[in-house]
Every structure is written in C-alpha cells, then in structure tokens.
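Student: For reference, the file structure12.cif (mmCIF, C-alpha atoms; chains and numbers go by the auth columns) is included below:
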data_run
loop_
_atom_site.group_PDB
_atom_site.id
_atom_site.type_symbol
_atom_site.label_atom_id
_atom_site.label_comp_id
_atom_site.label_asym_id
_atom_site.label_seq_id
_atom_site.Cartn_x
_atom_site.Cartn_y
_atom_site.Cartn_z
_atom_site.B_iso_or_equiv
_atom_site.auth_seq_id
_atom_site.auth_asym_id
ATOM 1 C CA MET A 1 18.228 -28.250 28.569 0.00 1 A
ATOM 2 C CA ALA A 2 16.092 -26.811 25.756 0.00 2 A
ATOM 3 C CA THR A 3 13.535 -29.069 24.120 0.00 3 A
ATOM 4 C CA ILE A 4 14.384 -29.651 20.464 0.00 4 A
ATOM 5 C CA GLY A 5 11.522 -29.332 18.026 0.00 5 A
ATOM 6 C CA ARG A 6 9.148 -27.775 20.538 0.00 6 A
ATOM 7 C CA PRO A 7 6.092 -26.444 18.640 0.00 7 A
ATOM 8 C CA ARG A 8 5.390 -22.732 18.647 0.00 8 A
ATOM 9 C CA GLU A 9 2.726 -21.590 21.073 0.00 9 A
ATOM 10 C CA PHE A 10 1.089 -19.233 18.562 0.00 10 A
ATOM 11 C CA ASP A 11 0.022 -18.987 14.937 0.00 11 A
ATOM 12 C CA ARG A 12 2.792 -16.952 13.321 0.00 12 A
ATOM 13 C CA ASP A 13 0.704 -15.866 10.329 0.00 13 A
ATOM 14 C CA ALA A 14 -2.178 -14.732 12.520 0.00 14 A
ATOM 15 C CA ALA A 15 0.260 -12.878 14.777 0.00 15 A
ATOM 16 C CA LEU A 16 1.799 -11.138 11.763 0.00 16 A
ATOM 17 C CA GLU A 17 -1.644 -10.124 10.508 0.00 17 A
ATOM 18 C CA ALA A 18 -2.441 -8.625 13.909 0.00 18 A
ATOM 19 C CA ALA A 19 0.885 -6.765 14.029 0.00 19 A
ATOM 20 C CA MET A 20 0.265 -5.401 10.525 0.00 20 A
ATOM 21 C CA ARG A 21 -3.011 -3.847 11.638 0.00 21 A
ATOM 22 C CA VAL A 22 -1.413 -2.224 14.692 0.00 22 A
ATOM 23 C CA PHE A 23 1.418 -0.743 12.619 0.00 23 A
ATOM 24 C CA TRP A 24 -1.027 0.273 9.875 0.00 24 A
ATOM 25 C CA ARG A 25 -3.110 2.204 12.377 0.00 25 A
ATOM 26 C CA LYS A 26 -0.377 3.686 14.550 0.00 26 A
ATOM 27 C CA GLY A 27 2.867 3.692 12.584 0.00 27 A
ATOM 28 C CA PHE A 28 6.215 2.355 13.737 0.00 28 A
ATOM 29 C CA ALA A 29 7.227 4.649 16.590 0.00 29 A
ATOM 30 C CA THR A 30 3.789 5.061 18.181 0.00 30 A
ATOM 31 C CA ALA A 31 2.959 1.355 18.248 0.00 31 A
ATOM 32 C CA SER A 32 4.213 0.092 21.589 0.00 32 A
ATOM 33 C CA MET A 33 5.553 -3.368 22.266 0.00 33 A
ATOM 34 C CA ASN A 34 2.743 -3.917 24.777 0.00 34 A
ATOM 35 C CA GLU A 35 0.142 -3.082 22.114 0.00 35 A
ATOM 36 C CA LEU A 36 1.816 -5.380 19.617 0.00 36 A
ATOM 37 C CA CYS A 37 2.073 -8.259 22.071 0.00 37 A
ATOM 38 C CA ASP A 38 -1.558 -7.840 23.166 0.00 38 A
ATOM 39 C CA ALA A 39 -2.793 -7.788 19.568 0.00 39 A
ATOM 40 C CA MET A 40 -0.640 -10.757 18.594 0.00 40 A
ATOM 41 C CA GLY A 41 -1.575 -12.744 21.693 0.00 41 A
ATOM 42 C CA ILE A 42 2.022 -13.415 22.692 0.00 42 A
ATOM 43 C CA ARG A 43 4.586 -12.269 25.241 0.00 43 A
ATOM 44 C CA SER A 44 7.583 -10.185 24.282 0.00 44 A
ATOM 45 C CA PRO A 45 10.101 -13.077 24.519 0.00 45 A
ATOM 46 C CA SER A 46 8.044 -14.984 21.922 0.00 46 A
ATOM 47 C CA LEU A 47 7.852 -11.897 19.715 0.00 47 A
ATOM 48 C CA TYR A 48 11.608 -11.432 19.757 0.00 48 A
ATOM 49 C CA ALA A 49 12.213 -15.162 19.252 0.00 49 A
ATOM 50 C CA ALA A 50 9.928 -15.270 16.218 0.00 50 A
ATOM 51 C CA PHE A 51 10.676 -11.909 14.579 0.00 51 A
ATOM 52 C CA GLY A 52 13.976 -10.678 16.027 0.00 52 A
ATOM 53 C CA SER A 53 13.099 -7.042 16.712 0.00 53 A
ATOM 54 C CA LYS A 54 10.353 -4.464 16.404 0.00 54 A
ATOM 55 C CA GLU A 55 11.955 -3.175 13.208 0.00 55 A
ATOM 56 C CA ALA A 56 12.150 -6.660 11.694 0.00 56 A
ATOM 57 C CA LEU A 57 8.525 -7.258 12.682 0.00 57 A
ATOM 58 C CA TYR A 58 7.473 -4.051 10.936 0.00 58 A
ATOM 59 C CA LEU A 59 9.305 -5.043 7.762 0.00 59 A
ATOM 60 C CA GLU A 60 7.578 -8.434 7.736 0.00 60 A
ATOM 61 C CA ALA A 61 4.248 -6.737 8.434 0.00 61 A
ATOM 62 C CA MET A 62 4.836 -4.376 5.500 0.00 62 A
ATOM 63 C CA GLU A 63 5.598 -7.285 3.187 0.00 63 A
ATOM 64 C CA HIS A 64 2.459 -9.024 4.453 0.00 64 A
ATOM 65 C CA TYR A 65 0.494 -5.864 3.646 0.00 65 A
ATOM 66 C CA VAL A 66 1.886 -5.730 0.115 0.00 66 A
ATOM 67 C CA GLN A 67 1.060 -9.396 -0.491 0.00 67 A
ATOM 68 C CA THR A 68 -2.452 -9.390 0.996 0.00 68 A
ATOM 69 C CA ILE A 69 -3.885 -5.850 0.775 0.00 69 A
ATOM 70 C CA GLY A 70 -2.112 -4.654 -2.354 0.00 70 A
ATOM 71 C CA PRO A 71 -3.366 -7.083 -5.044 0.00 71 A
ATOM 72 C CA PRO A 72 -7.080 -6.129 -4.859 0.00 72 A
ATOM 73 C CA VAL A 73 -6.059 -2.522 -5.614 0.00 73 A
ATOM 74 C CA TRP A 74 -2.999 -2.671 -7.853 0.00 74 A
ATOM 75 C CA GLY A 75 -4.005 -5.861 -9.629 0.00 75 A
ATOM 76 C CA ASN A 76 -6.447 -3.658 -11.541 0.00 76 A
ATOM 77 C CA LEU A 77 -3.552 -2.351 -13.618 0.00 77 A
ATOM 78 C CA LEU A 78 -3.227 -5.709 -15.345 0.00 78 A
ATOM 79 C CA ALA A 79 -6.849 -6.838 -15.280 0.00 79 A
ATOM 80 C CA ALA A 80 -8.389 -3.924 -17.204 0.00 80 A
ATOM 81 C CA THR A 81 -8.551 -3.891 -21.000 0.00 81 A
ATOM 82 C CA SER A 82 -7.438 -0.254 -21.324 0.00 82 A
ATOM 83 C CA ALA A 83 -5.048 2.057 -19.502 0.00 83 A
ATOM 84 C CA ARG A 84 -7.857 4.461 -18.642 0.00 84 A
ATOM 85 C CA ALA A 85 -9.994 1.692 -17.169 0.00 85 A
ATOM 86 C CA ALA A 86 -6.974 0.387 -15.266 0.00 86 A
ATOM 87 C CA PHE A 87 -6.262 3.749 -13.629 0.00 87 A
ATOM 88 C CA GLU A 88 -9.928 4.401 -12.904 0.00 88 A
ATOM 89 C CA ASN A 89 -10.312 0.966 -11.321 0.00 89 A
ATOM 90 C CA VAL A 90 -7.266 1.593 -9.112 0.00 90 A
ATOM 91 C CA LEU A 91 -8.741 4.858 -7.845 0.00 91 A
ATOM 92 C CA LEU A 92 -12.169 3.302 -7.319 0.00 92 A
ATOM 93 C CA ALA A 93 -10.582 0.411 -5.435 0.00 93 A
ATOM 94 C CA GLY A 94 -8.840 3.013 -3.288 0.00 94 A
ATOM 95 C CA MET A 95 -12.179 4.729 -2.732 0.00 95 A
ATOM 96 C CA GLU A 96 -13.536 1.450 -1.361 0.00 96 A
ATOM 97 C CA THR A 97 -10.540 0.286 0.668 0.00 97 A
ATOM 98 C CA LEU A 98 -8.898 3.452 2.023 0.00 98 A
ATOM 99 C CA PRO A 99 -11.624 4.674 4.414 0.00 99 A
ATOM 100 C CA GLU A 100 -11.623 3.032 7.829 0.00 100 A
ATOM 101 C CA SER A 101 -13.875 0.007 8.167 0.00 101 A
ATOM 102 C CA GLY A 102 -14.701 -2.319 10.993 0.00 102 A
ATOM 103 C CA VAL A 103 -11.916 -4.578 9.765 0.00 103 A
ATOM 104 C CA THR A 104 -9.125 -2.338 8.473 0.00 104 A
ATOM 105 C CA PRO A 105 -7.619 1.012 9.518 0.00 105 A
ATOM 106 C CA ALA A 106 -7.864 4.056 7.273 0.00 106 A
ATOM 107 C CA GLY A 107 -5.279 4.966 4.654 0.00 107 A
ATOM 108 C CA CYS A 108 -2.607 2.878 2.966 0.00 108 A
ATOM 109 C CA MET A 109 0.197 1.441 5.054 0.00 109 A
ATOM 110 C CA ALA A 110 2.629 1.438 2.131 0.00 110 A
ATOM 111 C CA MET A 111 1.858 4.978 0.941 0.00 111 A
ATOM 112 C CA LEU A 112 1.887 6.566 4.398 0.00 112 A
ATOM 113 C CA ALA A 113 4.882 4.716 5.848 0.00 113 A
ATOM 114 C CA ALA A 114 8.155 6.516 6.536 0.00 114 A
ATOM 115 C CA VAL A 115 7.099 9.930 5.242 0.00 115 A
ATOM 116 C CA GLY A 116 8.015 11.762 8.469 0.00 116 A
ATOM 117 C CA ASP A 117 10.794 11.759 11.034 0.00 117 A
ATOM 118 C CA GLU A 118 11.946 9.046 13.420 0.00 118 A
ATOM 119 C CA TRP A 119 11.739 6.061 11.070 0.00 119 A
ATOM 120 C CA PRO A 120 14.562 3.506 10.918 0.00 120 A
ATOM 121 C CA GLU A 121 16.567 3.744 7.704 0.00 121 A
ATOM 122 C CA ALA A 122 15.741 0.172 6.684 0.00 122 A
ATOM 123 C CA ILE A 123 12.004 0.917 6.818 0.00 123 A
ATOM 124 C CA ILE A 124 12.475 4.186 4.913 0.00 124 A
ATOM 125 C CA ASP A 125 14.279 2.292 2.139 0.00 125 A
ATOM 126 C CA VAL A 126 11.653 -0.459 1.915 0.00 126 A
ATOM 127 C CA ALA A 127 8.703 1.955 1.891 0.00 127 A
ATOM 128 C CA LYS A 128 10.367 4.120 -0.741 0.00 128 A
ATOM 129 C CA ASN A 129 11.073 1.103 -2.943 0.00 129 A
ATOM 130 C CA ILE A 130 7.454 -0.077 -2.691 0.00 130 A
ATOM 131 C CA ARG A 131 6.203 3.316 -3.835 0.00 131 A
ATOM 132 C CA LEU A 132 8.758 3.424 -6.654 0.00 132 A
ATOM 133 C CA GLU A 133 7.638 -0.025 -7.787 0.00 133 A
ATOM 134 C CA VAL A 134 4.025 1.199 -7.891 0.00 134 A
ATOM 135 C CA LEU A 135 5.184 4.189 -9.944 0.00 135 A
ATOM 136 C CA ARG A 136 7.015 1.832 -12.308 0.00 136 A
ATOM 137 C CA GLN A 137 3.857 -0.234 -12.780 0.00 137 A
ATOM 138 C CA LEU A 138 1.781 2.875 -13.484 0.00 138 A
ATOM 139 C CA ARG A 139 4.343 4.075 -16.021 0.00 139 A
ATOM 140 C CA ALA A 140 4.462 0.665 -17.704 0.00 140 A
ATOM 141 C CA ARG A 141 0.672 0.572 -18.091 0.00 141 A
ATOM 142 C CA LEU A 142 0.696 4.038 -19.648 0.00 142 A
ATOM 143 C CA GLU A 143 3.454 3.022 -22.050 0.00 143 A
ATOM 144 C CA THR A 144 1.334 0.057 -23.126 0.00 144 A
ATOM 145 C CA GLY A 145 -1.611 2.392 -23.639 0.00 145 A
ATOM 146 C CA MET A 146 0.530 4.633 -25.811 0.00 146 A
ATOM 147 C CA ARG A 147 1.762 1.715 -27.925 0.00 147 A
ATOM 148 C CA GLU A 148 -1.828 0.574 -28.420 0.00 148 A
ATOM 149 C CA GLY A 149 -2.916 4.025 -29.599 0.00 149 A
ATOM 150 C CA GLU A 150 -4.974 4.858 -26.533 0.00 150 A
ATOM 151 C CA LEU A 151 -2.736 7.786 -25.611 0.00 151 A
ATOM 152 C CA PRO A 152 -1.159 10.344 -27.961 0.00 152 A
ATOM 153 C CA PRO A 153 2.592 10.022 -28.626 0.00 153 A
ATOM 154 C CA SER A 154 3.107 13.406 -26.964 0.00 154 A
ATOM 155 C CA THR A 155 1.817 12.142 -23.582 0.00 155 A
ATOM 156 C CA ASP A 156 4.146 12.904 -20.675 0.00 156 A
ATOM 157 C CA ILE A 157 4.240 9.355 -19.319 0.00 157 A
ATOM 158 C CA ASP A 158 6.375 10.176 -16.297 0.00 158 A
ATOM 159 C CA GLY A 159 4.328 13.234 -15.354 0.00 159 A
ATOM 160 C CA LEU A 160 1.018 11.417 -15.802 0.00 160 A
ATOM 161 C CA SER A 161 2.089 8.381 -13.776 0.00 161 A
ATOM 162 C CA ARG A 162 3.346 10.632 -10.973 0.00 162 A
ATOM 163 C CA PHE A 163 0.104 12.617 -11.096 0.00 163 A
ATOM 164 C CA TYR A 164 -2.084 9.548 -10.578 0.00 164 A
ATOM 165 C CA LEU A 165 0.215 8.129 -7.907 0.00 165 A
ATOM 166 C CA GLY A 166 -0.031 11.511 -6.184 0.00 166 A
ATOM 167 C CA VAL A 167 -3.833 11.353 -6.397 0.00 167 A
ATOM 168 C CA PHE A 168 -3.837 7.932 -4.764 0.00 168 A
ATOM 169 C CA GLN A 169 -1.420 9.075 -2.064 0.00 169 A
ATOM 170 C CA GLY A 170 -3.601 12.113 -1.425 0.00 170 A
ATOM 171 C CA MET A 171 -6.664 9.902 -1.144 0.00 171 A
ATOM 172 C CA ALA A 172 -4.809 7.791 1.437 0.00 172 A
ATOM 173 C CA VAL A 173 -4.013 10.880 3.517 0.00 173 A
ATOM 174 C CA GLN A 174 -7.570 12.193 3.256 0.00 174 A
ATOM 175 C CA ALA A 175 -8.954 8.791 4.258 0.00 175 A
ATOM 176 C CA ARG A 176 -6.693 8.842 7.313 0.00 176 A
ATOM 177 C CA ASP A 177 -8.205 12.240 8.132 0.00 177 A
ATOM 178 C CA GLY A 178 -11.722 10.825 7.901 0.00 178 A
ATOM 179 C CA ALA A 179 -12.768 11.242 4.258 0.00 179 A
ATOM 180 C CA THR A 180 -15.657 8.960 3.298 0.00 180 A
ATOM 181 C CA ALA A 181 -15.922 6.685 0.276 0.00 181 A
ATOM 182 C CA ALA A 182 -18.329 9.162 -1.348 0.00 182 A
ATOM 183 C CA GLU A 183 -15.856 12.002 -0.865 0.00 183 A
ATOM 184 C CA LEU A 184 -13.017 9.938 -2.297 0.00 184 A
ATOM 185 C CA ARG A 185 -15.217 9.009 -5.251 0.00 185 A
ATOM 186 C CA GLY A 186 -15.330 12.720 -6.081 0.00 186 A
ATOM 187 C CA VAL A 187 -11.535 12.859 -6.018 0.00 187 A
ATOM 188 C CA ALA A 188 -11.328 9.855 -8.333 0.00 188 A
ATOM 189 C CA ALA A 189 -13.863 11.378 -10.745 0.00 189 A
ATOM 190 C CA ALA A 190 -11.973 14.685 -10.878 0.00 190 A
ATOM 191 C CA ALA A 191 -8.705 12.864 -11.519 0.00 191 A
ATOM 192 C CA MET A 192 -10.178 10.821 -14.357 0.00 192 A
ATOM 193 C CA ALA A 193 -11.592 13.990 -15.936 0.00 193 A
ATOM 194 C CA ALA A 194 -7.946 14.985 -16.460 0.00 194 A
ATOM 195 C CA TRP A 195 -7.202 11.859 -18.537 0.00 195 A
ATOM 196 C CA PRO A 196 -5.606 12.809 -21.888 0.00 196 A
ATOM 197 C CA GLY A 197 -8.223 12.929 -24.616 0.00 197 A
ATOM 198 C CA ASN A 198 -10.875 11.785 -22.122 0.00 198 A
ATOM 199 C CA GLY A 199 -10.297 8.190 -23.133 0.00 199 A
ATOM 200 C CA ARG A 200 -10.758 8.675 -26.894 0.00 200 A
ATOM 201 C CA ARG A 201 -8.536 6.281 -28.858 0.00 201 A
ATOM 202 C CA GLN A 202 -5.884 8.043 -30.922 0.00 202 A
ATOM 203 C CA VAL A 203 -5.698 7.594 -34.682 0.00 203 A
#
Would you encode the structure as structure tokens?

Tutor:
Amino acid sequence: MATIGRPREFDRDAALEAAMRVFWRKGFATASMNELCDAMGIRSPSLYAAFGSKEALYLEAMEHYVQTIGPPVWGNLLAATSARAAFENVLLAGMETLPESGVTPAGCMAMLAAVGDEWPEAIIDVAKNIRLEVLRQLRARLETGMREGELPPSTDIDGLSRFYLGVFQGMAVQARDGATAAELRGVAAAAMAAWPGNGRRQV
C-alpha cells in the first residue's frame, strides 16, 4: 500500500535547474536520460514521477530558463531611458552572458532551441513562440522610440527589430562556437553603428 503524503526525496527546483543546464548545453535529443538523472541527483522513476516525460521536463526547463536567465538580458528593454540605450544594453548583456562560463553553458537556450531536425513538435512551438515574443518586445520598444521622437517616422520598425534580434541570435551561435566576450563586444558595436540617425533625437 502506497504511503500517502510521502515527502519527495529531492529538491524539485534544484533538479529542474540542473536539467536546464544539461539541455542548454546538449539540446533535447543529445541529452541522455542517464545524464539528466545524474545531474539532477535522482533515478529515472523519480524523474518520470515528477515531470512525466523527457519532453515535459525540457518544456519545464525552458520555462525555467526564460524566468531566471532571460530577465537580466531582456529586462533592459524596459529599464533604459531610450530605445537606443535599451537595444545596446541588450546586446552588451548578451556579450556578458552568452560566452561559456564556469557556471553556464555557451549560447542562449531559447534562441538555439528547435532550429534543426529531430525536435518534438511541442518544443518547436514553444521555442518559436518565445522568439516571437522577444521580437514583439523589440518592436514595441522601437514603436515607443518613434512616438517619443527618437526615431524618424520613416523607420522600418519590423525590419529593424528583426535585424537586432538576428544580431542577438548570431551572437548566441558564435558564443556556442567559442566567441569571447571581447569578440561579441565588436559585434554589438557594429550593430549599434547601424542605428538610425546614430541616436540623434528627431525634430
């Protein structure tokens, strides 16, 4: 007879954090159940009991990534006093966080997820929606900049937001390939040199 109310034998949040880092480094297909269990400090029956499946675990790990790793980068869109400063701060935050450190893997889990073959459809949909939400936030910040006179009325808001999202995605790929913070700083500087009007307020 099963014991009702038996406490879990592991810290679920800590286990999810560990799983996130394995998936972040290796992706969905390459991360094995043995690697996940070892990192999480649990056996496979406990993993399935707590998370349901490898796919469900990945989706929770992705949400955990968005909630914990995302704000220090994308929160800059709201914190800065101008659109130009907001975009520059996002790229500089990427320069600092995207290269591999002793704590985190290289790249961006959300930007690099589900861009190749052999990903479950549910993960493809979630990753795509996260990237589209980032694009929406970039577009919204540019629209605010235009209303405030920072950008000319002729600015291609959609094209510019996609350009800077593409720069960030490219930085994530280059970081995964070993680019250093100094090298990514050069990418960020080149991207900001393309800012309309070079940051001069429109009249």

Student: Translate the PyMOL selection byres ((chain A and resi 115) around 12) into a concrete residue list for this structure, as a list in words.

Tutor: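 Output from the PyMOL selection byres ((chain A and resi 115) around 12), applied to this file: Gly27, Phe28, Met109, Ala110, Met111, Leu112, Ala113, Ala114, Gly116, Asp117, Glu118, Trp119, Pro120, Glu121, Ile123, Ile124, Asp125, Val126, Ala127, Lys128, Arg131, Gln169 and Val173 of chain A.
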
Student: Counting only C-alpha atoms, what is within 8 Å of Arg185 (chain A), bar same-chain residues fewer than 3 positions away, as a list of chain:residue names?

Tutor: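 Selected residues are A:Leu92, A:Met95, A:Ala181, A:Ala182, A:Ala188, A:Ala189.
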
Student: Which one of A:Met146, A:Ala14, A:Ala191, A:Arg25 sits closest to Gly41 (chain A) if you count only C-alpha atoms?

Tutor: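 Selected residue with least distance to Gly41 (chain A): A:Ala14.
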
Student: Taking only C-alpha atoms into account, name the residue in A:Arg141, A:Arg43, A:Arg21, A:Arg84 that is nearest to Met62 (chain A).

Tutor: A:Arg21

Student: Ranking A:Thr144, A:Thr68, A:Thr104, A:Thr81 by minimum distance to Asp13 (chain A) and counting all atoms listed in the file, which one comes first?

Tutor: A:Thr68

Student: Starting from the PyMOL selection byres ((chain A and resi 137) around 12), expand the selection into actual residues of this file and give them as JSON, numbers by chain.

Tutor: {"A": [74, 75, 76, 77, 78, 83, 86, 87, 90, 130, 131, 132, 133, 134, 135, 136, 138, 139, 140, 141, 142, 143, 144, 157, 158, 161, 162, 164, 165]}

Student: CA of Phe51 (chain A) and CA of Gly70 (chain A) are how many Å apart?

Tutor: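 Separation between CA of Phe51 (chain A) and CA of Gly70 (chain A): 22.4 Å.
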
Student: Rank A:Gly178, A:Pro72, A:Phe23, A:Arg12 by their smallest atom-to-atom distance to Glu55 (chain A), using all atoms listed in the file, and report the top residue only.

Tutor: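 Of the candidates, the smallest distance to Glu55 (chain A) is held by A:Phe23.
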
Student: Quick one, how far is CA of Ala93 (chain A) from CA of Pro196 (chain A)?

Tutor: 21.2 Å

Student: Mind telling me what the PyMOL selection byres ((chain A and resi 60) around 12) catches here, as a short mmCIF file (atom, residue, chain, number, x, y, z; two decimals) with C-alpha atoms, in the frame of the given file?

Tutor:
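result10.cif, written as the output of this step:
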data_model
loop_
_atom_site.label_atom_id
_atom_site.label_comp_id
_atom_site.auth_asym_id
_atom_site.auth_seq_id
_atom_site.Cartn_x
_atom_site.Cartn_y
_atom_site.Cartn_z
CA ARG A 12 2.79 -16.95 13.32
CA ASP A 13 0.70 -15.87 10.33
CA ALA A 15 0.26 -12.88 14.78
CA LEU A 16 1.80 -11.14 11.76
CA GLU A 17 -1.64 -10.12 10.51
CA ALA A 18 -2.44 -8.62 13.91
CA ALA A 19 0.88 -6.76 14.03
CA MET A 20 0.26 -5.40 10.52
CA PHE A 23 1.42 -0.74 12.62
CA ALA A 50 9.93 -15.27 16.22
CA PHE A 51 10.68 -11.91 14.58
CA GLY A 52 13.98 -10.68 16.03
CA SER A 53 13.10 -7.04 16.71
CA LYS A 54 10.35 -4.46 16.40
CA GLU A 55 11.96 -3.18 13.21
CA ALA A 56 12.15 -6.66 11.69
CA LEU A 57 8.52 -7.26 12.68
CA TYR A 58 7.47 -4.05 10.94
CA LEU A 59 9.30 -5.04 7.76
CA ALA A 61 4.25 -6.74 8.43
CA MET A 62 4.84 -4.38 5.50
CA GLU A 63 5.60 -7.28 3.19
CA HIS A 64 2.46 -9.02 4.45
CA TYR A 65 0.49 -5.86 3.65
CA VAL A 66 1.89 -5.73 0.12
CA GLN A 67 1.06 -9.40 -0.49
CA ALA A 122 15.74 0.17 6.68
CA ILE A 123 12.00 0.92 6.82
CA VAL A 126 11.65 -0.46 1.92
CA ALA A 127 8.70 1.96 1.89
#

Student: Name the closest residue to Ser82 (chain A) among the candidates A:Ile69, A:Ile42, A:Ala49, A:Leu151; distances are taken between atoms, counting only C-alpha atoms.

Tutor: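 Looking at the shortest contact to Ser82 (chain A), the residue is A:Leu151.
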
Student: Edge lengths and centre in Å to one decimal, as lines of an AutoDock Vina configuration file, of the axis-aligned box that encloses all listed atoms of region 88-92 of chain A with 5 Å added on every side?

Tutor:
center_x = -9.7
center_y = 2.9
center_z = -10.1
size_x = 14.9
size_y = 13.9
size_z = 15.6

Student: Quick one, how far is CA of Leu160 (chain A) from CA of Pro71 (chain A)?

Tutor: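 Between CA of Leu160 (chain A) and CA of Pro71 (chain A) the gap works out to 21.8 Å.
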
Student: Name the closest residue to Leu47 (chain A) among the candidates A:Gly149, A:Gly197, A:Ala80, A:Asp11; distances are taken between atoms, counting all atoms listed in the file.

Tutor: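 With all atoms listed in the file as the atom set, the closest residue is A:Asp11.
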